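Inspection log for the structure reproduced underneath, given as structure tokens.
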Amino acid sequence: MAKKQPGPLLAIGCEGSANKLGIGIISHDPVTGKSAILANIRHTFVSPPGTGFLPKDTARHHRAYFSQLTKSALASAGVTDPATQLSCVCYTKGPGMGAPLQSVAVAARTLSLMWDLPLVGVNHCVGHIEMGREITGAQNPVVLYVSGGNTQVIAYAERRYRIFGEALDIAVGNCLDRFARTLSISNDPAPGYNIELLARKSEGKKLLDLPYAVKGMDCSFSGILTAADLLAAQMKEQREKIARGEDVPEEDQIGPEDLCFSLQETVFAMLVEITERAMAHVGSNQVLIVGGVGCNERLQAMMGQMAKERGGSVYATDERFCIDNGIMIAHAGLLAYETGFRTPLEDSTCTQRFRTDEVYVKWRD
């Protein structure tokens, strides 16, 4: 391998577990212990309203944009000779969608061979947690990880991120995304964000009855989605009646903003409940919210109210870091690299199922 330049360690991170392709470059100074974000570039595959993103189409998007984003990240970070300036190439090993993961893993292997750099496979969930801790300064929080593919309540113990509770079926982000399809809400910039905007328009005027499915420390969202879909069908029938000139009492009329508000309030209340229970169990007064759904300001407000009542605080990041990105993979990968971890080329696979608690967190006490 090429001789590395002295000074801070640099790593490039490649993320593509879902519809966002992200390339990030981070610097760790082993002397001061400080990190610096040198580049964090992302491109999103956006499907038409009323549709989701298929793995094959998402993988095609990632292959098409990978080279362009990598060149932009290197230029933004001022990296002119990756073989000597970078220490490792980090990529998302899982969990995620198979075809997109595979596309980015192949591209990361190519960079590793081209620049003669070691590979570091990273757990996507751990990437979110470590980036959240780095940005917010949270020391030892209970973590609520909420995204399109994952819903977990996590706490650190004995060099593992232990899962205290999780979704039993679909993730909360998947629930929101699928309901956005029911209402044919735009996927640009993200369906969950557009649901949040619609929910704000309701101003809390009408809270519709939806199932509340907390089972111990776990949650179930599929039944709630079914009930919301039925209410959406009822709304459509009401509109058809009104169009025909039939009378529908105003107090019975349902609007999309009412549906979005009710869905958000219900699922977020469930998440707050299981997070509070985990806080009580581990004796923590800090909550760190990570993952794409963590950008939702209503979720942050509800969690903040609960934490305040317990004398605690909530930590969250903005869309640069809570939404899937390459910098979180670079950061978590470099932390592992500094402990001596490497992913041999023959083991540089990817997997759709890679649990958070499978990772040995050697870089934490």
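Within each chain, counting starts at residue 1; across the structure tokens, chains are named A, B, ... in the order shown, with ligands numbered 1 upward in that order.
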
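Using only C-alpha atoms, the residues found no farther than 7 Å from stretch 274-281 of chain A, other than those of its own chain fewer than 5 positions away, are Val142, Leu144, Val153, Phe164 and Met217 of chain A.
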
Can you write just those residues out, N, CA, C and O atoms, as a short mmCIF file (atom, residue, chain, number, x, y, z; two decimals), in the first residue's frame?
data_model
loop_
_atom_site.label_atom_id
_atom_site.label_comp_id
_atom_site.auth_asym_id
_atom_site.auth_seq_id
_atom_site.Cartn_x
_atom_site.Cartn_y
_atom_site.Cartn_z
N VAL A 142 -30.18 7.06 25.54
CA VAL A 142 -31.05 6.06 24.92
C VAL A 142 -31.28 6.55 23.50
O VAL A 142 -31.56 7.73 23.27
N LEU A 144 -33.28 6.45 19.93
CA LEU A 144 -34.45 6.06 19.15
C LEU A 144 -34.05 6.15 17.68
O LEU A 144 -33.79 7.24 17.17
N VAL A 153 -35.35 0.95 19.68
CA VAL A 153 -34.93 1.69 20.88
C VAL A 153 -33.69 1.00 21.40
O VAL A 153 -33.71 -0.21 21.67
N PHE A 164 -33.58 -2.61 22.95
CA PHE A 164 -34.57 -2.79 24.01
C PHE A 164 -35.97 -2.99 23.45
O PHE A 164 -36.81 -3.62 24.07
N MET A 217 -42.14 -3.67 24.99
CA MET A 217 -41.19 -2.68 24.49
C MET A 217 -41.22 -2.58 22.97
O MET A 217 -40.43 -1.84 22.38
#

Residues near stretch 346-361 of chain A, cut-off 8 Å, only C-alpha atoms, skip fewer than 4 positions along chain, as a compact mmCIF listing (two decimals) with C-alpha atoms, in the first residue's frame:
# COMPACT_ATOMS: atom_id res chain seq x y z
CA THR A 92 -22.51 0.16 4.15
CA LYS A 93 -22.52 -3.59 4.67
CA GLY A 94 -26.16 -3.60 5.76
CA PRO A 95 -28.98 -3.61 6.62
CA GLY A 96 -30.84 -2.29 3.60
CA MET A 97 -32.18 -3.17 0.17
CA GLY A 98 -30.17 -5.88 -1.56
CA LEU A 101 -26.36 -2.27 -1.21
CA GLN A 102 -24.65 -4.53 -3.71
CA ALA A 105 -20.35 -2.43 -2.23
CA ARG A 109 -14.31 -2.49 -3.65
CA LEU A 119 -12.00 -1.74 3.21
CA GLY A 121 -17.73 -2.64 6.23
CA ASN A 123 -23.44 -1.35 10.03
CA CYS A 125 -27.60 1.65 12.15
CA VAL A 126 -24.33 2.06 14.04
CA ARG A 159 -19.45 -2.74 23.92
CA ARG A 160 -22.75 -3.49 22.19
CA TYR A 161 -25.68 -1.32 21.16
CA ARG A 162 -28.43 -3.32 22.84
CA ILE A 163 -31.92 -3.32 21.32
CA ALA A 336 -13.54 0.91 13.72

* Skipping near chain neighbours, those fewer than 3 positions away, what residues fall within 9 Å of A:Met302 using only C-alpha atoms, listed as a list in words? -> Glu265, Phe268, Ala269, Val272, Glu297, Arg298, Leu299, Gln305, Met306 and Ala307 of chain A

* To do: May I have all residues of stretch 82-253 of chain A that DSSP, computed from the backbone, assigns to helix (DSSP H, G or I), given as JSON, numbers by chain?
  => {"A": [82, 83, 84, 85, 98, 99, 100, 101, 102, 103, 104, 105, 106, 107, 108, 109, 110, 111, 112, 113, 114, 115, 124, 125, 126, 127, 128, 129, 130, 131, 132, 133, 134, 135, 136, 172, 173, 174, 175, 176, 177, 178, 179, 180, 181, 182, 191, 192, 193, 194, 195, 196, 197, 198, 199, 200, 201, 202, 222, 223, 224, 225, 226, 227, 228, 229, 230, 231, 232, 233, 234, 235, 236, 237, 238, 239, 240, 241, 242, 243, 250, 251, 252]}

* Asked: Which neighbours of A:Val290 fall inside 9 Å, counting only C-alpha atoms, when residues of the same chain fewer than 6 positions from it are skipped, and could you give them as a list of chain:residue names?
  ->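 The contact residues come out as A:Cys125, A:His128, A:Ile129, A:Met131, A:Gly132, A:Val143, A:Leu144, A:Tyr145, A:Val146, A:Ser147, A:Tyr315, A:Ala316, A:Thr317, A:Phe321, A:Cys322, A:Ile323.
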
Those residues with N, CA and C atoms, as a compact mmCIF listing (two decimals), in the first residue's frame please?
# COMPACT_ATOMS: atom_id res chain seq x y z
N CYS A 125 -27.00 1.13 10.92
CA CYS A 125 -27.60 1.65 12.15
C CYS A 125 -26.54 2.25 13.08
N HIS A 128 -25.56 5.68 11.95
CA HIS A 128 -26.48 6.72 12.41
C HIS A 128 -26.20 7.11 13.86
N ILE A 129 -26.01 6.11 14.71
CA ILE A 129 -25.81 6.38 16.14
C ILE A 129 -24.53 7.17 16.37
N MET A 131 -22.77 9.00 14.29
CA MET A 131 -22.82 10.36 13.74
C MET A 131 -23.66 11.26 14.62
N GLY A 132 -24.77 10.71 15.13
CA GLY A 132 -25.62 11.49 16.03
C GLY A 132 -24.89 11.89 17.30
N VAL A 143 -31.12 5.66 22.54
CA VAL A 143 -31.23 6.03 21.13
C VAL A 143 -32.55 5.54 20.55
N LEU A 144 -33.28 6.45 19.93
CA LEU A 144 -34.45 6.06 19.15
C LEU A 144 -34.05 6.15 17.68
N TYR A 145 -33.94 4.99 17.05
CA TYR A 145 -33.55 4.93 15.64
C TYR A 145 -34.79 4.67 14.80
N VAL A 146 -35.21 5.67 14.02
CA VAL A 146 -36.46 5.58 13.26
C VAL A 146 -36.20 5.99 11.80
N SER A 147 -36.48 5.05 10.90
CA SER A 147 -36.26 5.31 9.49
C SER A 147 -37.27 4.52 8.66
N TYR A 315 -31.68 15.03 22.01
CA TYR A 315 -30.68 15.41 21.03
C TYR A 315 -31.13 14.91 19.66
N ALA A 316 -31.01 15.78 18.65
CA ALA A 316 -31.37 15.39 17.29
C ALA A 316 -30.53 16.21 16.32
N THR A 317 -30.43 15.73 15.10
CA THR A 317 -29.67 16.44 14.08
C THR A 317 -30.60 16.91 12.98
N PHE A 321 -27.68 15.10 8.49
CA PHE A 321 -27.12 13.94 9.17
C PHE A 321 -28.16 12.89 9.57
N CYS A 322 -29.43 13.28 9.76
CA CYS A 322 -30.41 12.27 10.16
C CYS A 322 -30.85 11.44 8.95
N ILE A 323 -30.92 12.06 7.79
CA ILE A 323 -31.22 11.31 6.56
C ILE A 323 -29.95 10.57 6.14

* Can you tell me, as a list of chain:residue names, what residues are no more than 10 Å from A:Asp229 when counting only C-alpha atoms, ignoring any on the same chain fewer than 5 positions away? ->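 Returned residues: A:Arg178, A:Phe179, A:Thr182, A:Leu183, A:Gly223, A:Ile224, A:Gln234, A:Met235, A:Leu259.
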
Just to be explicit: take each residue in the selection above, keep C-alpha atoms, and write the result as a JSON list (two decimals), in the first residue's frame.
[["chain", "number", "residue", "atom", "x", "y", "z"],
["A", 178, "ARG", "CA", -46.81, 3.78, 2.33],
["A", 179, "PHE", "CA", -49.57, 6.04, 3.56],
["A", 182, "THR", "CA", -52.26, 5.96, -0.51],
["A", 183, "LEU", "CA", -52.80, 9.73, -0.67],
["A", 223, "GLY", "CA", -52.58, -2.48, 11.56],
["A", 224, "ILE", "CA", -52.41, 1.28, 12.00],
["A", 234, "GLN", "CA", -63.83, 6.92, 3.47],
["A", 235, "MET", "CA", -62.49, 10.40, 2.66],
["A", 259, "LEU", "CA", -55.37, 11.82, 8.34]]

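Nearest-residue note for A:Tyr91: choosing from A:Glu246, A:Glu15, A:Asp365, A:Glu158, the minimum distance belongs to A:Glu15, counting only C-alpha atoms.
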